[in-house]
file model-v7.txt (compact mmCIF, C-alpha atoms)
# COMPACT_ATOMS: atom_id res chain seq x y z
CA MET E 28 -29.32 36.34 42.38
CA LYS E 29 -26.89 33.49 41.84
CA ASN E 30 -29.77 31.16 40.99
CA LEU E 31 -31.12 33.67 38.44
CA LEU E 32 -27.68 33.95 36.84
CA LYS E 33 -27.41 30.14 36.63
CA ILE E 34 -30.83 29.92 34.96
CA ILE E 35 -29.87 32.57 32.39
CA VAL E 36 -26.59 30.77 31.57
CA ILE E 37 -28.41 27.46 31.17
CA LEU E 38 -31.07 29.03 28.91
CA VAL E 39 -28.44 30.69 26.72
CA PHE E 40 -26.56 27.37 26.46
CA LEU E 41 -29.71 25.43 25.51
CA VAL E 42 -30.77 27.98 22.86
CA GLY E 43 -27.25 27.95 21.39
CA CYS E 44 -27.20 24.15 21.22
CA LYS E 45 -30.63 24.08 19.59
CA ASN E 46 -29.58 26.56 16.89
CA GLN E 47 -26.34 24.68 16.27
CA THR E 48 -28.22 21.39 15.88
CA LYS E 49 -30.63 22.97 13.41
CA ASN E 50 -27.82 24.46 11.35
CA GLY E 51 -25.75 21.28 11.49
CA THR E 52 -28.46 18.93 10.18
CA LYS E 53 -30.34 21.21 7.83
CA GLN E 54 -29.82 20.40 4.16
CA PRO E 55 -31.00 22.44 1.21
CA LYS E 56 -34.29 21.29 -0.23
CA SER E 57 -33.86 19.54 -3.56
CA ASN E 58 -35.60 21.05 -6.58
CA PHE E 59 -34.74 18.15 -8.91
CA ASN E 60 -37.73 16.95 -10.93
CA LEU E 61 -37.15 13.65 -12.74
CA LYS E 62 -39.62 14.17 -15.56
CA GLN E 63 -38.31 17.64 -16.33
CA ASN E 64 -34.60 17.21 -15.58
CA TYR E 65 -33.91 13.56 -16.46
CA ALA E 66 -31.54 14.39 -19.36
CA GLU E 67 -29.55 16.92 -17.28
CA PHE E 68 -29.37 14.87 -14.08
CA GLN E 69 -25.55 15.13 -13.97
CA THR E 70 -25.70 18.85 -13.24
CA ARG E 71 -29.26 19.21 -11.89
CA LEU E 72 -29.06 16.75 -8.98
CA ASN E 73 -28.45 18.45 -5.63
CA GLU E 74 -26.04 17.38 -2.89
CA ASN E 75 -26.80 13.82 -1.68
CA ASP E 76 -29.65 13.41 -4.19
CA THR E 77 -29.94 9.79 -5.28
CA LEU E 78 -31.05 8.60 -8.70
CA ILE E 79 -31.45 4.86 -9.29
CA ILE E 80 -31.43 3.08 -12.65
CA TYR E 81 -32.93 -0.41 -12.86
CA ALA E 82 -32.33 -2.27 -16.11
CA ASN E 83 -33.20 -5.67 -17.54
CA VAL E 84 -30.17 -6.41 -19.73
CA GLY E 85 -30.93 -10.06 -20.43
CA VAL E 86 -32.21 -11.43 -23.72
CA CYS E 87 -34.24 -14.54 -24.48
CA THR E 88 -33.58 -17.11 -21.72
CA SER E 89 -30.87 -15.03 -20.06
CA GLN E 90 -32.13 -13.07 -17.06
CA LEU E 91 -29.63 -10.44 -16.05
CA PHE E 92 -30.58 -7.35 -14.09
CA GLU E 93 -28.64 -4.25 -13.28
CA LYS E 94 -29.07 -1.59 -10.61
CA ILE E 95 -27.05 1.62 -10.77
CA THR E 96 -27.22 4.04 -7.85
CA ILE E 97 -26.08 7.58 -8.61
CA ILE E 98 -25.41 9.91 -5.66
CA LYS E 99 -24.45 13.57 -6.04
CA LYS E 100 -21.35 14.40 -3.97
CA GLY E 101 -20.11 17.96 -4.36
CA LYS E 102 -19.16 18.42 -8.03
CA ASN E 103 -19.05 14.68 -8.61
CA LEU E 104 -21.40 11.76 -9.09
CA LYS E 105 -20.74 8.56 -7.17
CA ILE E 106 -21.91 5.69 -9.35
CA ILE E 107 -22.51 2.33 -7.67
CA PRO E 108 -23.26 -0.52 -10.12
CA GLU E 109 -24.78 -3.85 -9.07
CA PHE E 110 -25.68 -6.95 -11.09
CA LYS E 111 -28.08 -9.80 -10.48
CA GLU E 112 -28.52 -13.13 -12.23
CA GLY E 113 -32.31 -13.40 -12.32
CA ASN E 114 -32.66 -17.10 -13.09
CA ILE E 115 -30.92 -18.05 -9.85
CA ASN E 116 -33.45 -18.52 -7.06
CA ASN E 117 -33.30 -15.84 -4.36
CA SER E 118 -30.29 -14.24 -6.01
CA GLU E 119 -29.04 -10.92 -4.70
CA TYR E 120 -27.37 -8.03 -6.44
CA ASP E 121 -23.59 -8.38 -6.73
CA LEU E 122 -21.97 -5.09 -5.78
CA GLN E 123 -19.26 -3.81 -8.16
CA ASN E 124 -16.58 -1.18 -7.64
CA SER E 125 -18.02 2.33 -7.39
CA ILE E 126 -17.00 5.01 -9.88
CA LEU E 127 -16.50 8.73 -9.25
CA LEU E 128 -17.48 10.88 -12.21
CA SER E 129 -17.35 14.66 -12.59
CA GLU E 130 -20.71 16.37 -13.06
CA ASN E 131 -19.13 18.05 -16.10
CA ASP E 132 -18.05 14.75 -17.69
CA THR E 133 -18.85 14.63 -21.42
CA LEU E 134 -17.77 11.05 -22.13
CA TRP E 135 -20.59 9.05 -20.55
CA LYS E 136 -23.51 10.93 -22.22
CA PHE E 137 -26.22 8.94 -20.45
CA GLY E 138 -28.49 11.98 -20.66
CA GLU E 139 -28.25 11.84 -24.45
CA PHE E 140 -29.08 8.13 -24.35
CA LEU E 141 -32.22 8.97 -22.36
CA LYS E 142 -33.20 11.68 -24.84
CA ARG E 143 -32.82 9.24 -27.74
CA ASN E 144 -35.07 6.72 -26.03
CA ILE E 145 -37.60 8.88 -24.19
CA SER E 146 -40.33 7.95 -26.70
CA ARG E 147 -40.12 4.46 -25.18
CA ARG E 148 -42.15 5.71 -22.20
CA ILE E 149 -45.21 4.62 -24.17
CA ARG E 150 -46.13 0.95 -23.76
CA LYS E 151 -47.15 -0.26 -27.23
CA ASN E 152 -48.89 -3.52 -26.28
CA GLU E 153 -49.41 -6.03 -23.49
CA MET E 154 -46.25 -7.90 -24.54
CA SER E 155 -44.11 -4.86 -23.75
CA ASN E 156 -42.38 -4.77 -20.40
CA PRO E 157 -40.14 -2.13 -18.87
CA ARG E 158 -36.51 -2.53 -19.91
CA LEU E 159 -35.28 0.39 -17.85
CA ARG E 160 -36.60 2.39 -14.92
CA LEU E 161 -35.29 5.69 -13.58
CA LYS E 162 -36.31 6.31 -9.99
CA TYR E 163 -35.88 9.45 -7.92
CA LYS E 164 -37.71 9.39 -4.58
CA THR E 165 -41.35 8.70 -5.55
CA GLN E 166 -40.88 9.78 -9.18
CA LYS E 167 -40.18 7.25 -11.91
CA ILE E 168 -39.77 6.93 -15.67
CA ASP E 169 -40.14 3.54 -17.38
CA LEU E 170 -38.73 2.78 -20.84
CA TYR E 171 -40.23 -0.13 -22.80
CA THR E 172 -39.07 -2.33 -25.65
CA ASN E 173 -41.35 -4.12 -28.07
CA GLY E 174 -40.22 -7.62 -29.06
CA LEU E 175 -36.81 -9.23 -29.34
CA SER E 176 -35.47 -7.18 -32.24
CA ASP E 177 -36.35 -3.87 -30.58
CA ALA E 178 -34.92 -5.11 -27.26
CA ASN E 179 -31.59 -5.85 -28.93
CA ILE E 180 -31.48 -2.40 -30.55
CA PHE E 181 -32.15 -0.77 -27.18
CA LEU E 182 -29.69 -2.95 -25.24
CA THR E 183 -26.92 -2.42 -27.78
CA ASP E 184 -27.36 1.35 -27.40
CA TYR E 185 -27.47 0.97 -23.62
CA SER E 186 -24.35 -1.20 -23.41
CA GLU E 187 -22.40 1.07 -25.76
CA THR E 188 -23.32 4.01 -23.51
CA MET E 189 -22.29 2.15 -20.36
CA ARG E 190 -18.91 1.22 -21.83
CA LYS E 191 -17.96 4.87 -21.47
CA ILE E 192 -17.69 4.58 -17.68
CA ASN E 193 -16.03 1.16 -17.70
CA ILE E 194 -18.85 -0.80 -16.12
CA ASP E 195 -17.99 -4.49 -16.48
CA ILE E 196 -19.20 -4.98 -20.04
CA ILE E 197 -18.62 -8.74 -19.83
CA LYS E 198 -21.89 -8.86 -17.90
CA TYR E 199 -23.76 -7.61 -20.96
CA VAL E 200 -25.14 -10.31 -23.23
CA THR E 201 -26.43 -8.20 -26.11
CA ARG E 202 -23.44 -9.04 -28.32
CA ASN E 203 -22.64 -12.45 -26.90
CA ILE E 204 -25.60 -14.47 -28.18
CA ASP E 205 -24.48 -17.76 -29.68
CA THR E 206 -24.88 -17.78 -33.50
CA VAL E 207 -26.88 -21.03 -33.51
CA GLU E 208 -29.20 -19.75 -30.80
CA TRP E 209 -29.63 -16.46 -32.68
CA ASN E 210 -30.63 -18.29 -35.89
CA LYS E 211 -33.23 -20.23 -33.93
CA LEU E 212 -34.57 -17.03 -32.43
CA LYS E 213 -34.92 -15.42 -35.85
CA GLN E 214 -37.32 -18.22 -36.84
CA LEU E 215 -39.61 -17.52 -33.91
CA ASN E 216 -42.55 -15.17 -34.19
CA GLU E 217 -41.61 -12.12 -32.11
CA LYS E 218 -45.18 -11.74 -30.92
CA GLN E 219 -44.86 -15.08 -29.12
CA ILE E 220 -41.78 -13.98 -27.18
CA LYS E 221 -42.72 -12.39 -23.87
CA GLU E 222 -39.91 -10.33 -22.40
CA THR E 223 -38.75 -10.92 -18.86
CA GLU E 224 -40.28 -8.37 -16.54
CA LEU E 225 -37.98 -5.79 -14.98
CA GLU E 226 -37.15 -6.73 -11.40
CA ILE E 227 -37.34 -3.67 -9.19
CA ASN E 228 -36.66 -3.76 -5.49

call {"tool": "encode", "arguments": {"input": "model-v7.txt", "output": "structure tokens"}}
result
Amino acid sequence: MKNLLKIIVILVFLVGCKNQTKNGTKQPKSNFNLKQNYAEFQTRLNENDTLIIYANVGVCTSQLFEKITIIKKGKNLKIIPEFKEGNINNSEYDLQNSILLSENDTLWKFGEFLKRNISRRIRKNEMSNPRLRLKYKTQKIDLYTNGLSDANIFLTDYSETMRKINIDIIKYVTRNIDTVEWNKLKQLNEKQIKETELEIN
């Protein structure tokens, strides 16, 4: 009888531990769809969902790449920016200070930036390379620019948008091109300028 009682106690304990483990590690399944919810990601991401932005923010001979990791934490977004100088061999991303932003923030307006530029999903010719990639799990959206002039329009819009969350704007080169260099670039045929490909890890 004692042995039977011990077995029952052990079974009850094991079943209780199993249920507790299930409840403790189970997370709600995410219903975020990048292609449908990209512009509302601030409020549509679920807890611990991660959205990554890869951007090529260099122009001409400058190769500067940015990676922004966005993680949903409660009612906030944790934004982790990183930069990489692409023309340095084997360079790695330089981690910046993370930023905590409310999901209800109306200052950053990155969703509106994406809406303005969503027509850039179409690659116009073989000279066009992705300037920006949104990645959520296996889903991705690429935005392209077409030539130097179009790249500068896009990057100016992008950098103005990013200023709203105080990402180190000094890293951006869209408004820091030397005047002499810019005059030389204007004389070049844009079709002969191949944009630097977006580096995505």

call {"tool": "closest_residue", "arguments": {"input": "model-v7.txt", "among": "E:Asp177, E:Asp76, E:Asp184, E:Glu119", "to": "Gly101 (chain E)", "atoms": "only C-alpha atoms"}}
result
E:Asp76

call {"tool": "atom_distance", "arguments": {"input": "model-v7.txt", "atom1": "CA of Glu93 (chain E)", "atom2": "CA of Tyr171 (chain E)"}}
result
15.6 Å

call {"tool": "atom_distance", "arguments": {"input": "model-v7.txt", "atom1": "CA of Lys162 (chain E)", "atom2": "CA of Ser89 (chain E)"}}
result
24.2 Å

call {"tool": "closest_residue", "arguments": {"input": "model-v7.txt", "among": "E:Ala178, E:Leu104, E:Leu161, E:Leu141", "to": "Ile192 (chain E)", "atoms": "all atoms listed in the file"}}
result
E:Leu104

call {"tool": "closest_residue", "arguments": {"input": "model-v7.txt", "among": "E:Arg147, E:Lys105, E:Lys62, E:Lys167", "to": "Ile126 (chain E)", "atoms": "only C-alpha atoms"}}
result
E:Lys105

call {"tool": "closest_residue", "arguments": {"input": "model-v7.txt", "among": "E:Leu91, E:Lys191, E:Leu78, E:Asn83", "to": "Asn64 (chain E)", "atoms": "only C-alpha atoms"}}
result
E:Leu78

call {"tool": "residues_around", "arguments": {"input": "model-v7.txt", "residues": "Glu67 (chain E)", "least_positions_apart": "4", "cutoff": "9 Å", "atoms": "all atoms listed in the file", "output": "PyMOL selection string"}}
result
chain E and resi 63+71-72+138-139

call {"tool": "residues_around", "arguments": {"input": "model-v7.txt", "residues": "Glu109 (chain E)", "least_positions_apart": "3", "cutoff": "7 Å", "atoms": "all atoms listed in the file", "output": "JSON, numbers by chain"}}
result
{"E": [93, 94, 95, 120, 121, 122, 123]}

call {"tool": "atom_distance", "arguments": {"input": "model-v7.txt", "atom1": "CA of Ser146 (chain E)", "atom2": "CA of Arg158 (chain E)"}}
result
13.1 Å

call {"tool": "residues_around", "arguments": {"input": "model-v7.txt", "residues": "Leu134 (chain E)", "least_positions_apart": "3", "cutoff": "10 Å", "atoms": "all atoms listed in the file", "output": "list in words"}}
result
Leu128, Asn131, Phe137, Thr188, Arg190, Lys191 and Ile192 of chain E

call {"tool": "write_last_selection", "arguments": {"input": "model-v7.txt", "atoms": "C-alpha atoms", "output": "PDB file, in the coordinates of the input"}}
result
ATOM      1  CA  LEU E 128     -17.480  10.880 -12.210  1.00  0.00           C
ATOM      2  CA  ASN E 131     -19.130  18.050 -16.100  1.00  0.00           C
ATOM      3  CA  PHE E 137     -26.220   8.940 -20.450  1.00  0.00           C
ATOM      4  CA  THR E 188     -23.320   4.010 -23.510  1.00  0.00           C
ATOM      5  CA  ARG E 190     -18.910   1.220 -21.830  1.00  0.00           C
ATOM      6  CA  LYS E 191     -17.960   4.870 -21.470  1.00  0.00           C
ATOM      7  CA  ILE E 192     -17.690   4.580 -17.680  1.00  0.00           C
TER       8      ILE E 192
END

call {"tool": "residues_around", "arguments": {"input": "model-v7.txt", "residues": "Leu127 (chain E)", "least_positions_apart": "2", "cutoff": "9 Å", "atoms": "all atoms listed in the file", "output": "PyMOL selection string"}}
result
chain E and resi 103-107+125+129

call {"tool": "write_last_selection", "arguments": {"input": "model-v7.txt", "atoms": "C-alpha atoms", "output": "short mmCIF file (atom, residue, chain, number, x, y, z; two decimals), in the frame of the given file"}}
result
data_model
loop_
_atom_site.label_atom_id
_atom_site.label_comp_id
_atom_site.auth_asym_id
_atom_site.auth_seq_id
_atom_site.Cartn_x
_atom_site.Cartn_y
_atom_site.Cartn_z
CA ASN E 103 -19.05 14.68 -8.61
CA LEU E 104 -21.40 11.76 -9.09
CA LYS E 105 -20.74 8.56 -7.17
CA ILE E 106 -21.91 5.69 -9.35
CA ILE E 107 -22.51 2.33 -7.67
CA SER E 125 -18.02 2.33 -7.39
CA SER E 129 -17.35 14.66 -12.59
#
